[in-house]
Amino acid sequence: MPQGKPVSVPDDGLTTRQRRNRALLMVHTGPGKGKSTAAFGMALRAWNQGWPIGVFQFVKSAKWRVGEERALRVLGDSGEGGSVAWHKMGEGWSWIQRPGTERDHAAEAREGWAQIKRDLAAETYRFYVLDEFTYPLNWGWLDLDDVVTALTTRPGNQHVVITGRDAPDRLIEVADLVTEMGKVRHPMDAGQKGQKGIEW
């Protein structure tokens with residue numbers, strides 16, 4: 001297997017092993033498909049290492065039964081790798097106004113973030129997926145300064161991957177890994193809606 005070599009080695013006083021094993025803050029953003037899919041692929045790797053995994057979905061509907069959720073829950077319950085906890089914040093697709101709903105999506109997002117902060121402080125998980133987390137940040141539901149501070153000062157060896165379009169510049173600046181998913185073509189451009197096995 002090819003060995004990756006860093007372009008430069010910082011003068012930070014860390015050994016190669018210490019630098020290699022430090023916790024990462026990762027962001028998957030951009031207009032293309034695959035941001036969450038890539039994050040869940042990383043969660044599979046974390047599961048294989050025996051790491052406890054916490055998934056926090058901020059926008060996708062709690063009613064959806066997505067394939068990644070089912071697969072990771074089954075794997076988490078198998079006793080073979082790491083444990084998996086899956087949290088859905090609110091009703092999902094919060095920018096759509098639903099008649100008769102009195103839910104305060106911003107408050108639910110704030111409570112979800114408060115739980116993540118508690119979990120980070122307690123080092124509950126080794127790998128976190130904050131799925132569609134850029135949306136409550138961009139809508140002003142969460143304080144960006146608070147988020148950046150909590151993520152950059154998290155204790156222990158906790159990896160965090162954040163997904164969603166239009167990641168704020170401040171988040172991109174502090175992240176260790178940023179991937180922008182570009183879109184060349186998508187079936188929705190031709191009027192085709194999402195389908196089983198591809199979108200969920």
# chains A, B, ... in the order shown; residues from 1 in each chain; ligands from 1
$ select_by_dssp --residues "range 20-199 of chain A" --states "helix (DSSP H, G or I)" --output "number ranges by chain"
A: 20, 35-48, 67-77, 105-122, 134-138, 144-152, 169-174, 187-190
$ residues_around --residues "Arg118 in chain A" --least-positions-apart "4" --cutoff "12 Å" --atoms "only C-alpha atoms" --output "PyMOL selection string"
chain A and resi 111-114+122-125+150-151+154-155
$ atom_distance --atom1 "CA of Leu14 in chain A" --atom2 "CA of Arg45 in chain A"
25.2 Å
$ atom_distance --atom1 "CA of Ile198 in chain A" --atom2 "CA of Arg165 in chain A"
18.9 Å
$ select_by_dssp --residues "range 9-186 of chain A" --states "strand (DSSP E)" --output "mmCIF file with N, CA and C atoms, in the first residue's frame"
data_model
loop_
_atom_site.group_PDB
_atom_site.id
_atom_site.type_symbol
_atom_site.label_atom_id
_atom_site.label_comp_id
_atom_site.auth_asym_id
_atom_site.auth_seq_id
_atom_site.Cartn_x
_atom_site.Cartn_y
_atom_site.Cartn_z
ATOM 1 N N LEU A 25 -10.651 17.722 12.945
ATOM 2 C CA LEU A 25 -11.924 18.374 12.661
ATOM 3 C C LEU A 25 -12.035 18.444 11.146
ATOM 4 N N MET A 26 -13.084 17.803 10.596
ATOM 5 C CA MET A 26 -13.226 17.677 9.151
ATOM 6 C C MET A 26 -14.537 18.301 8.698
ATOM 7 N N VAL A 27 -14.525 18.886 7.508
ATOM 8 C CA VAL A 27 -15.715 19.523 6.944
ATOM 9 C C VAL A 27 -15.901 19.025 5.515
ATOM 10 N N HIS A 28 -17.107 18.525 5.225
ATOM 11 C CA HIS A 28 -17.499 18.151 3.862
ATOM 12 C C HIS A 28 -18.559 19.150 3.426
ATOM 13 N N THR A 29 -18.242 19.983 2.455
ATOM 14 C CA THR A 29 -19.164 21.034 2.040
ATOM 15 C C THR A 29 -19.235 21.078 0.520
ATOM 16 N N ILE A 53 -19.257 5.778 18.255
ATOM 17 C CA ILE A 53 -19.658 6.748 17.227
ATOM 18 C C ILE A 53 -20.946 7.432 17.657
ATOM 19 N N GLY A 54 -20.981 8.750 17.509
ATOM 20 C CA GLY A 54 -22.196 9.525 17.731
ATOM 21 C C GLY A 54 -22.576 10.250 16.452
ATOM 22 N N VAL A 55 -23.781 9.969 15.952
ATOM 23 C CA VAL A 55 -24.294 10.639 14.753
ATOM 24 C C VAL A 55 -25.387 11.598 15.195
ATOM 25 N N PHE A 56 -25.269 12.850 14.748
ATOM 26 C CA PHE A 56 -26.256 13.882 15.067
ATOM 27 C C PHE A 56 -26.741 14.472 13.751
ATOM 28 N N GLN A 57 -27.993 14.188 13.384
ATOM 29 C CA GLN A 57 -28.559 14.704 12.134
ATOM 30 C C GLN A 57 -29.411 15.922 12.442
ATOM 31 N N VAL A 84 -22.708 2.527 18.330
ATOM 32 C CA VAL A 84 -23.250 3.603 17.494
ATOM 33 C C VAL A 84 -24.484 4.183 18.172
ATOM 34 N N ALA A 85 -24.491 5.495 18.369
ATOM 35 C CA ALA A 85 -25.673 6.209 18.864
ATOM 36 C C ALA A 85 -26.101 7.172 17.765
ATOM 37 N N TRP A 86 -27.396 7.197 17.458
ATOM 38 C CA TRP A 86 -27.924 7.997 16.346
ATOM 39 C C TRP A 86 -28.973 8.963 16.876
ATOM 40 N N HIS A 87 -28.742 10.250 16.704
ATOM 41 C CA HIS A 87 -29.637 11.277 17.230
ATOM 42 C C HIS A 87 -30.180 12.117 16.081
ATOM 43 N N LYS A 88 -31.507 12.305 16.060
ATOM 44 C CA LYS A 88 -32.139 13.155 15.049
ATOM 45 C C LYS A 88 -32.683 14.394 15.731
ATOM 46 N N PHE A 127 -15.740 9.299 17.560
ATOM 47 C CA PHE A 127 -16.014 9.802 16.211
ATOM 48 C C PHE A 127 -17.426 10.372 16.178
ATOM 49 N N TYR A 128 -17.533 11.633 15.741
ATOM 50 C CA TYR A 128 -18.814 12.331 15.662
ATOM 51 C C TYR A 128 -19.119 12.670 14.213
ATOM 52 N N VAL A 129 -20.355 12.426 13.796
ATOM 53 C CA VAL A 129 -20.853 12.925 12.517
ATOM 54 C C VAL A 129 -21.908 13.979 12.840
ATOM 55 N N LEU A 130 -21.631 15.229 12.479
ATOM 56 C CA LEU A 130 -22.608 16.312 12.636
ATOM 57 C C LEU A 130 -23.173 16.579 11.249
ATOM 58 N N ASP A 131 -24.220 15.839 10.914
ATOM 59 C CA ASP A 131 -24.760 15.816 9.557
ATOM 60 C C ASP A 131 -25.669 17.016 9.311
ATOM 61 N N HIS A 159 -12.594 12.745 17.033
ATOM 62 C CA HIS A 159 -12.675 13.192 15.644
ATOM 63 C C HIS A 159 -14.091 13.686 15.368
ATOM 64 N N VAL A 160 -14.211 14.777 14.616
ATOM 65 C CA VAL A 160 -15.518 15.342 14.281
ATOM 66 C C VAL A 160 -15.552 15.621 12.783
ATOM 67 N N VAL A 161 -16.610 15.131 12.108
ATOM 68 C CA VAL A 161 -16.818 15.477 10.707
ATOM 69 C C VAL A 161 -18.171 16.175 10.586
ATOM 70 N N ILE A 162 -18.156 17.317 9.907
ATOM 71 C CA ILE A 162 -19.348 18.150 9.716
ATOM 72 C C ILE A 162 -19.703 18.142 8.240
ATOM 73 N N THR A 163 -21.006 17.998 7.939
ATOM 74 C CA THR A 163 -21.435 18.033 6.544
ATOM 75 C C THR A 163 -22.425 19.170 6.325
ATOM 76 N N LEU A 177 -9.245 19.197 7.836
ATOM 77 C CA LEU A 177 -9.505 18.613 6.522
ATOM 78 C C LEU A 177 -10.788 19.235 5.991
ATOM 79 N N VAL A 178 -10.733 19.787 4.808
ATOM 80 C CA VAL A 178 -11.926 20.364 4.173
ATOM 81 C C VAL A 178 -12.022 19.790 2.767
ATOM 82 N N THR A 179 -13.169 19.196 2.480
ATOM 83 C CA THR A 179 -13.433 18.682 1.141
ATOM 84 C C THR A 179 -14.651 19.400 0.592
ATOM 85 N N GLU A 180 -14.506 19.940 -0.616
ATOM 86 C CA GLU A 180 -15.644 20.581 -1.265
ATOM 87 C C GLU A 180 -16.131 19.673 -2.379
#
$ closest_residue --among "A:Lys183, A:Arg73, A:Lys33, A:Arg170" --to "Glu199 in chain A" --atoms "only C-alpha atoms"
A:Lys33
$ atom_distance --atom1 "CA of Asp77 in chain A" --atom2 "CA of Ser36 in chain A"
21.7 Å
$ closest_residue --among "A:Arg185, A:His105, A:Lys117, A:Arg20" --to "Lys5 in chain A" --atoms "only C-alpha atoms"
A:Arg20
$ closest_residue --among "A:Thr152, A:Met188, A:Asp12, A:Leu44" --to "Leu120 in chain A" --atoms "only C-alpha atoms"
A:Thr152
$ residues_around --residues "Gly50 in chain A" --least-positions-apart "2" --cutoff "7 Å" --atoms "only C-alpha atoms" --output "list in words"
Ala46, Trp47, Asn48, Pro52, Gly81 and Gly82 of chain A
$ residues_around --residues "Pro136 in chain A" --least-positions-apart "2" --cutoff "10 Å" --atoms "only C-alpha atoms" --output "list in words"
Phe58, Val59, Ser94, His105, Ala106, Ala109, Arg110, Trp113, Glu132, Phe133, Thr134, Asn138, Trp139, Gly140, Trp141, Leu142, Asp143, Leu144 and Gly164 of chain A
